[in-house]
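Notes for the one structure printed next.
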Protein chains: 2
Amino acid sequence: MTESQVELGKPVVVAIREAIVHGDFVPNQRLVEADLSAQFDASRANVRAALIELANEGLVERVQNRGARVRAVSIEEAVEISEVRMMLESLCAAKAAERINDAEIKELKALGKAMRKAVAAGDVVGYSGLNQQLHRRVREISGQRTAENLLERLRAQSVRHQFRLAMRPGRPAVSMPEHLAIIDGICAHDSVAARGAMQAHLASVIEALRQTTP
Amino acid sequence: MTESQVELGKPVVVAIREAIVHGDFVPNQRLVEADLSAQFDASRANVRAALIELANEGLVERVQNRGARVRAVSIEEAVEISEVRMMLESLCAAKAAERINDAEIKELKALGKAMRKAVAAGDVVGYSGLNQQLHRRVREISGQRTAENLLERLRAQSVRHQFRLAMRPGRPAVSMPEHLAIIDGICAHDSVAARGAMQAHLASVIEALRQTTP
DNA sequence: CGCGACAAAATTGTCAACAAAGCAGGGGTA
DNA sequence: TACCCCTGCTTTGTTGACAATTTTGTCGCG
């Protein structure tokens, strides 16, 4: 039985990582080396190396002689991750406010406008994408590569929870003004305001996560 | 020529990691798979897997067909790492202040006393060790496993810079009161004071790092 | 004396086969 | 019927050899 074909030429780690993040592999699903080897058309050694790497990134759990499976992150852990994000993203927001240039200001303001439009149109998944994009752009503009790397890793781990949260009715109406405040602070070169806005936003995310009934 | 014997039975990653952190391998030193294989008495496949893992942790740099070497972290990067530490460790300090119990309070106060004694005796490396111990204990008490993991990783990367900093004449006299303030804040269950003290301490570390002449 | 091409050595990347460890099902016994 | 051990199957762990690539050394030529 042939599984869905995979884009060839891509390194195996990337392919498997995307499959996990995208949700093609569900939490706790077993990842058998031979199967992956066939599915992604790679040698078992490569698959093995990929699994080691993904285990290091926190996307996969490996136990001796028992193989690998997609790691399931609990609500409590998602809260922990969001607490760390609150610290790191607020740092990035402050730095971004200091370093942003005119072209990037335009870009961020356009993003804000697009978000408003998406929410007005009730396009939840579109808004969720713009959301991710805004956070990523802020990290990039900050120039804090260390924080950027760690945040990218954390995002991959918690993407499922983030998405579920974004799907909650009424959630966009809450988060949009927070996002706009972040944009305003950064574009005004006001690092204090930007930091505060980002902090408030993630505090709100944490609060919302805690109200989840698992 | 037989290299220095290595503690057997330890997983290879651990052994290599310790060798790097301890300084047996210097920055930019090449890490040839076959050599490590002989030195640590492990198969090349295991060494290979270990190098992949260490590359993920940021201790090693690997480039296609060119092998691995110990990653050198620049002063600028050490500053970045310390900025991230400032955020994460202040979070941990605040949480530790909320969660600490009586036994742990005694432990931390004993640590503070030992630090005072070490500084008074001019025992710089002893003080440096107590320093590491304090930071590690605070992370553990906080119960924030996510932050704990990330900080442990960052520590391994910047251990060389940290040590050089600790060796600077007059540095212990500056950092000790900062450390005592952290201990006081946490032991008083005062999360605001603890967070502030940790933040101030790492701001001071960053300032000192910036004054390094590379 | 410097420089480019070529050859040899060293090193990493890949693969296939084998060994060892877990796991499931069946049959026997109390 | 419930329990335990034994056997066969699946999956991971390990090893060794081989291919591909980069680096180093050497030689001849301008």
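Chain labels follow the order of the structure tokens: the first chain is A, the next B, and so on; residue numbering restarts at 1 in every chain, and ligands are counted from 1 in their shown order.
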Query - Spatial neighbours of region 168-185 of chain B, 6 Å, only C-alpha atoms (C1' of nucleotides), chain gap at least 5 places, as a list in words - result: Asp190, Ala193, Ala194, Ala197, Met198 and His201 of chain B
**Report entry** Polymer residues at most 10 Å from DG25 (chain D), only C-alpha atoms (C1' of nucleotides), same-chain spacing of 2 or more positions, as a list in words
**Finding:**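 Near neighbours after the sequence-gap exclusion: DA7, DA8 and DA9 of chain C; DT23 and DC27 of chain D.
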Residues just named, written with N, CA and C atoms (P, O5', C5', C4', C3', O3' and C1' of nucleotides) as a PDB file, in the first residue's frame:
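The new file selection36.pdb reads:
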ATOM      1  P    DA C   7      46.493  12.255 -12.831  1.00  0.00           P
ATOM      2  O5'  DA C   7      47.035  11.856 -11.394  1.00  0.00           O
ATOM      3  C5'  DA C   7      48.438  11.932 -11.126  1.00  0.00           C
ATOM      4  C4'  DA C   7      48.703  11.643  -9.653  1.00  0.00           C
ATOM      5  C3'  DA C   7      48.002  10.400  -9.106  1.00  0.00           C
ATOM      6  O3'  DA C   7      48.887   9.718  -8.227  1.00  0.00           O
ATOM      7  C1'  DA C   7      47.342  12.302  -7.852  1.00  0.00           C
ATOM      8  P    DA C   8      48.595   8.283  -7.721  1.00  0.00           P
ATOM      9  O5'  DA C   8      48.505   8.541  -6.151  1.00  0.00           O
ATOM     10  C5'  DA C   8      49.552   9.263  -5.509  1.00  0.00           C
ATOM     11  C4'  DA C   8      49.142   9.630  -4.089  1.00  0.00           C
ATOM     12  C3'  DA C   8      48.502   8.490  -3.290  1.00  0.00           C
ATOM     13  O3'  DA C   8      49.073   8.482  -1.992  1.00  0.00           O
ATOM     14  C1'  DA C   8      47.071  10.358  -3.279  1.00  0.00           C
ATOM     15  P    DA C   9      48.831   7.290  -1.000  1.00  0.00           P
ATOM     16  O5'  DA C   9      48.161   8.039   0.242  1.00  0.00           O
ATOM     17  C5'  DA C   9      48.653   9.328   0.621  1.00  0.00           C
ATOM     18  C4'  DA C   9      47.617  10.041   1.490  1.00  0.00           C
ATOM     19  C3'  DA C   9      46.925   9.146   2.516  1.00  0.00           C
ATOM     20  O3'  DA C   9      47.043   9.744   3.793  1.00  0.00           O
ATOM     21  C1'  DA C   9      45.327  10.373   1.277  1.00  0.00           C
TER      22       DA C   9
ATOM     23  P    DT D  23      37.536  21.009   2.081  1.00  0.00           P
ATOM     24  O5'  DT D  23      39.003  20.461   2.364  1.00  0.00           O
ATOM     25  C5'  DT D  23      39.196  19.531   3.431  1.00  0.00           C
ATOM     26  C4'  DT D  23      40.553  18.866   3.304  1.00  0.00           C
ATOM     27  C3'  DT D  23      41.721  19.847   3.139  1.00  0.00           C
ATOM     28  O3'  DT D  23      42.651  19.605   4.173  1.00  0.00           O
ATOM     29  C1'  DT D  23      41.849  18.087   1.553  1.00  0.00           C
ATOM     30  P    DC D  27      57.553  15.187  -6.366  1.00  0.00           P
ATOM     31  O5'  DC D  27      57.329  15.549  -7.892  1.00  0.00           O
ATOM     32  C5'  DC D  27      56.266  14.930  -8.636  1.00  0.00           C
ATOM     33  C4'  DC D  27      55.838  15.866  -9.735  1.00  0.00           C
ATOM     34  C3'  DC D  27      56.989  16.560 -10.458  1.00  0.00           C
ATOM     35  O3'  DC D  27      57.017  16.169 -11.822  1.00  0.00           O
ATOM     36  C1'  DC D  27      55.240  18.097  -9.904  1.00  0.00           C
TER      37       DC D  27
END
**Report entry** Distance-based interface of chain B with chain A, 10 Å, counting only C-alpha atoms, as a ChimeraX atom specification
**Finding:** /B:45,48-50,52-57,77-92,143-147,150,154
Any chance you could export the current selection's N, CA and C atoms as a JSON list (two decimals), in the first residue's frame?
[["chain", "number", "residue", "atom", "x", "y", "z"],
["B", 45, "ALA", "N", 29.11, 4.89, 14.03],
["B", 45, "ALA", "CA", 27.70, 5.27, 13.92],
["B", 45, "ALA", "C", 27.25, 6.00, 15.19],
["B", 48, "ARG", "N", 28.75, 9.40, 15.29],
["B", 48, "ARG", "CA", 28.02, 10.21, 14.32],
["B", 48, "ARG", "C", 26.72, 10.74, 14.92],
["B", 49, "ALA", "N", 25.96, 9.84, 15.52],
["B", 49, "ALA", "CA", 24.70, 10.23, 16.15],
["B", 49, "ALA", "C", 24.95, 11.26, 17.24],
["B", 50, "ALA", "N", 26.02, 11.05, 17.99],
["B", 50, "ALA", "CA", 26.35, 11.99, 19.06],
["B", 50, "ALA", "C", 26.64, 13.37, 18.49],
["B", 52, "ILE", "N", 25.53, 14.67, 15.74],
["B", 52, "ILE", "CA", 24.28, 15.28, 15.29],
["B", 52, "ILE", "C", 23.56, 15.90, 16.49],
["B", 53, "GLU", "N", 23.52, 15.16, 17.57],
["B", 53, "GLU", "CA", 22.83, 15.65, 18.77],
["B", 53, "GLU", "C", 23.52, 16.91, 19.29],
["B", 54, "LEU", "N", 24.83, 16.88, 19.36],
["B", 54, "LEU", "CA", 25.57, 18.03, 19.89],
["B", 54, "LEU", "C", 25.45, 19.24, 18.96],
["B", 55, "ALA", "N", 25.35, 18.98, 17.69],
["B", 55, "ALA", "CA", 25.15, 20.09, 16.75],
["B", 55, "ALA", "C", 23.81, 20.75, 17.04],
["B", 56, "ASN", "N", 22.81, 19.92, 17.35],
["B", 56, "ASN", "CA", 21.50, 20.43, 17.70],
["B", 56, "ASN", "C", 21.54, 21.26, 18.97],
["B", 57, "GLU", "N", 22.40, 20.89, 19.87],
["B", 57, "GLU", "CA", 22.51, 21.62, 21.13],
["B", 57, "GLU", "C", 23.35, 22.88, 20.99],
["B", 77, "GLU", "N", 27.65, 36.81, 20.58],
["B", 77, "GLU", "CA", 26.70, 35.74, 20.83],
["B", 77, "GLU", "C", 26.57, 35.47, 22.32],
["B", 78, "ALA", "N", 27.66, 35.59, 23.03],
["B", 78, "ALA", "CA", 27.60, 35.40, 24.48],
["B", 78, "ALA", "C", 26.67, 36.44, 25.11],
["B", 79, "VAL", "N", 26.70, 37.65, 24.55],
["B", 79, "VAL", "CA", 25.79, 38.69, 25.04],
["B", 79, "VAL", "C", 24.35, 38.30, 24.74],
["B", 80, "GLU", "N", 24.11, 37.83, 23.53],
["B", 80, "GLU", "CA", 22.76, 37.38, 23.17],
["B", 80, "GLU", "C", 22.28, 36.30, 24.12],
["B", 81, "ILE", "N", 23.14, 35.34, 24.36],
["B", 81, "ILE", "CA", 22.78, 34.24, 25.26],
["B", 81, "ILE", "C", 22.45, 34.78, 26.65],
["B", 82, "SER", "N", 23.23, 35.75, 27.10],
["B", 82, "SER", "CA", 22.98, 36.30, 28.42],
["B", 82, "SER", "C", 21.67, 37.09, 28.46],
["B", 83, "GLU", "N", 21.34, 37.72, 27.34],
["B", 83, "GLU", "CA", 20.04, 38.41, 27.29],
["B", 83, "GLU", "C", 18.90, 37.42, 27.45],
["B", 84, "VAL", "N", 19.00, 36.31, 26.75],
["B", 84, "VAL", "CA", 17.97, 35.28, 26.87],
["B", 84, "VAL", "C", 17.96, 34.73, 28.29],
["B", 85, "ARG", "N", 19.13, 34.50, 28.83],
["B", 85, "ARG", "CA", 19.20, 34.02, 30.21],
["B", 85, "ARG", "C", 18.54, 35.01, 31.16],
["B", 86, "MET", "N", 18.76, 36.29, 30.92],
["B", 86, "MET", "CA", 18.16, 37.30, 31.80],
["B", 86, "MET", "C", 16.65, 37.11, 31.85],
["B", 87, "MET", "N", 16.05, 36.90, 30.70],
["B", 87, "MET", "CA", 14.60, 36.71, 30.64],
["B", 87, "MET", "C", 14.18, 35.42, 31.34],
["B", 88, "LEU", "N", 14.86, 34.35, 31.01],
["B", 88, "LEU", "CA", 14.41, 33.03, 31.48],
["B", 88, "LEU", "C", 14.75, 32.82, 32.96],
["B", 89, "GLU", "N", 15.91, 33.25, 33.36],
["B", 89, "GLU", "CA", 16.27, 33.02, 34.76],
["B", 89, "GLU", "C", 15.47, 33.93, 35.69],
["B", 90, "SER", "N", 15.10, 35.10, 35.21],
["B", 90, "SER", "CA", 14.27, 35.94, 36.08],
["B", 90, "SER", "C", 12.88, 35.33, 36.22],
["B", 91, "LEU", "N", 12.40, 34.70, 35.16],
["B", 91, "LEU", "CA", 11.14, 33.95, 35.27],
["B", 91, "LEU", "C", 11.28, 32.84, 36.31],
["B", 92, "CYS", "N", 12.36, 32.10, 36.21],
["B", 92, "CYS", "CA", 12.58, 31.00, 37.16],
["B", 92, "CYS", "C", 12.70, 31.52, 38.59],
["B", 143, "GLY", "N", 10.56, 24.72, 39.03],
["B", 143, "GLY", "CA", 9.65, 23.74, 38.46],
["B", 143, "GLY", "C", 9.29, 24.02, 37.01],
["B", 144, "GLN", "N", 9.95, 25.00, 36.39],
["B", 144, "GLN", "CA", 9.66, 25.32, 35.00],
["B", 144, "GLN", "C", 10.58, 24.50, 34.11],
["B", 145, "ARG", "N", 10.15, 23.30, 33.79],
["B", 145, "ARG", "CA", 11.01, 22.37, 33.08],
["B", 145, "ARG", "C", 11.44, 22.88, 31.71],
["B", 146, "THR", "N", 10.55, 23.55, 31.04],
["B", 146, "THR", "CA", 10.87, 24.06, 29.70],
["B", 146, "THR", "C", 12.02, 25.06, 29.78],
["B", 147, "ALA", "N", 11.88, 26.02, 30.67],
["B", 147, "ALA", "CA", 12.95, 27.01, 30.84],
["B", 147, "ALA", "C", 14.23, 26.33, 31.32],
["B", 150, "LEU", "N", 16.11, 24.69, 28.40],
["B", 150, "LEU", "CA", 16.73, 25.67, 27.51],
["B", 150, "LEU", "C", 17.93, 26.31, 28.19],
["B", 154, "LEU", "N", 21.89, 26.52, 27.10],
["B", 154, "LEU", "CA", 22.61, 27.78, 26.91],
["B", 154, "LEU", "C", 23.86, 27.83, 27.79]]
Query - Best match for closeness to Phe40 (chain B) among B:Ala68, B:Glu76, B:Val12, B:Ile105, counting only C-alpha atoms - result: B:Val12
Check which residues of chain B sit at most 8 Å from chain D using only C-alpha atoms (C1' of nucleotides), and return one row each with the closest pair of atoms and their distance in Å to one decimal, ordered by chain and rising number, as CSV.
residue,atom,partner,partner_atom,distance
B:Ser43,CA,D:DT15,C1',8.0
B:Asn65,CA,D:DT21,C1',6.3
B:Arg66,CA,D:DT22,C1',6.9
Query raised in the report: Which neighbours of region 164-166 of chain B fall inside 10 Å, counting only C-alpha atoms (C1' of nucleotides), when residues of the same chain fewer than 6 positions from it are skipped, and could you give them as a VMD selection string?
Result: chain B and resid 124 to 125 127 to 129 131 172 175 205 208 to 209 212
Query - Distance filter 10 Å, only C-alpha atoms (C1' of nucleotides), chain C against chain A, as number ranges by chain - result: C: 14-15, 20-22
Query raised in the report: What separation in Å, quoted to one decimal, exists between CA of Ala15 (chain B) and CA of Asp35 (chain B)?
Result: 13.9 Å
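Between CA of Val21 (chain B) and C1' of DT11 (chain C) the separation is 24.9 Å.
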Report task. Write down as a ChimeraX atom specification the residues of chain A whose backbone DSSP state falls under alpha helix (DSSP H). Result -> /A:12-22,33-39,44-57,75-99,102-120,124-142,145-166,171-187,191-210
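Within the 10 Å cut-off around Arg136 (chain A), using only C-alpha atoms (C1' of nucleotides) and omitting residues fewer than 2 positions from it on the same chain, the listed residues are Glu89, Leu130, Asn131, Gln132, Gln133, Leu134, Val138, Arg139, Glu140, Ile141, Glu148, Leu151, Glu152 and Arg155 of chain A.
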Output N, CA and C atoms for every residue in that selection, as a CSV table (one decimal), in the first residue's frame.
chain,number,residue,atom,x,y,z
A,89,GLU,N,9.6,36.5,23.6
A,89,GLU,CA,9.0,37.3,22.6
A,89,GLU,C,8.9,38.8,23.0
A,130,LEU,N,-1.8,34.8,9.6
A,130,LEU,CA,-1.2,36.2,9.7
A,130,LEU,C,-0.6,36.3,11.1
A,131,ASN,N,-1.3,35.8,12.1
A,131,ASN,CA,-0.8,35.8,13.4
A,131,ASN,C,0.6,35.2,13.5
A,132,GLN,N,0.8,34.0,13.0
A,132,GLN,CA,2.1,33.3,13.0
A,132,GLN,C,3.1,34.2,12.3
A,133,GLN,N,2.7,34.8,11.2
A,133,GLN,CA,3.6,35.6,10.4
A,133,GLN,C,4.0,36.8,11.1
A,134,LEU,N,3.1,37.5,11.8
A,134,LEU,CA,3.5,38.6,12.6
A,134,LEU,C,4.6,38.3,13.7
A,138,VAL,N,8.4,39.7,13.8
A,138,VAL,CA,9.0,40.4,15.0
A,138,VAL,C,10.3,39.8,15.4
A,139,ARG,N,10.3,38.5,15.5
A,139,ARG,CA,11.5,37.8,15.9
A,139,ARG,C,12.6,38.1,15.0
A,140,GLU,N,12.3,38.1,13.7
A,140,GLU,CA,13.4,38.3,12.7
A,140,GLU,C,13.9,39.8,12.8
A,141,ILE,N,13.0,40.7,12.9
A,141,ILE,CA,13.4,42.1,13.0
A,141,ILE,C,14.3,42.4,14.2
A,148,GLU,N,15.5,33.8,18.6
A,148,GLU,CA,14.8,33.4,17.4
A,148,GLU,C,14.8,31.9,17.3
A,151,LEU,N,12.7,30.2,20.0
A,151,LEU,CA,11.2,30.4,19.8
A,151,LEU,C,10.7,29.5,18.6
A,152,GLU,N,11.5,29.4,17.6
A,152,GLU,CA,11.1,28.6,16.4
A,152,GLU,C,10.9,27.2,16.9
A,155,ARG,N,7.7,26.9,19.0
A,155,ARG,CA,6.5,27.1,18.2
A,155,ARG,C,6.1,25.7,17.6
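When CA of Asn28 (chain B) is paired with CA of Ala72 (chain B), their separation reads 6.0 Å.
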**Report entry** strand (DSSP E) residues, from DSSP on the backbone, in region 46-123 of chain A, as a ChimeraX atom specification
**Finding:** /A:60-63,67-70
Write the selection just made, keeping N, CA and C atoms, as a short mmCIF file (atom, residue, chain, number, x, y, z; two decimals), in the first residue's frame?
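Okay, this is what ended up in result_21.cif:
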data_model
loop_
_atom_site.label_atom_id
_atom_site.label_comp_id
_atom_site.auth_asym_id
_atom_site.auth_seq_id
_atom_site.Cartn_x
_atom_site.Cartn_y
_atom_site.Cartn_z
N VAL A 60 9.68 14.59 19.03
CA VAL A 60 9.60 13.13 18.99
C VAL A 60 10.15 12.57 20.29
N GLU A 61 9.59 11.45 20.72
CA GLU A 61 10.07 10.77 21.92
C GLU A 61 10.68 9.45 21.50
N ARG A 62 11.87 9.17 22.02
CA ARG A 62 12.51 7.90 21.67
C ARG A 62 12.84 7.14 22.94
N VAL A 63 12.49 5.86 22.98
CA VAL A 63 12.92 5.05 24.11
C VAL A 63 13.66 3.84 23.60
N GLY A 67 11.71 2.26 19.99
CA GLY A 67 11.40 3.12 18.86
C GLY A 67 10.91 4.50 19.24
N ALA A 68 10.44 5.21 18.23
CA ALA A 68 10.08 6.61 18.38
C ALA A 68 8.59 6.81 18.18
N ARG A 69 8.07 7.84 18.82
CA ARG A 69 6.69 8.23 18.55
C ARG A 69 6.57 9.74 18.64
N VAL A 70 5.53 10.27 18.05
CA VAL A 70 5.30 11.71 18.10
C VAL A 70 5.00 12.11 19.53
#
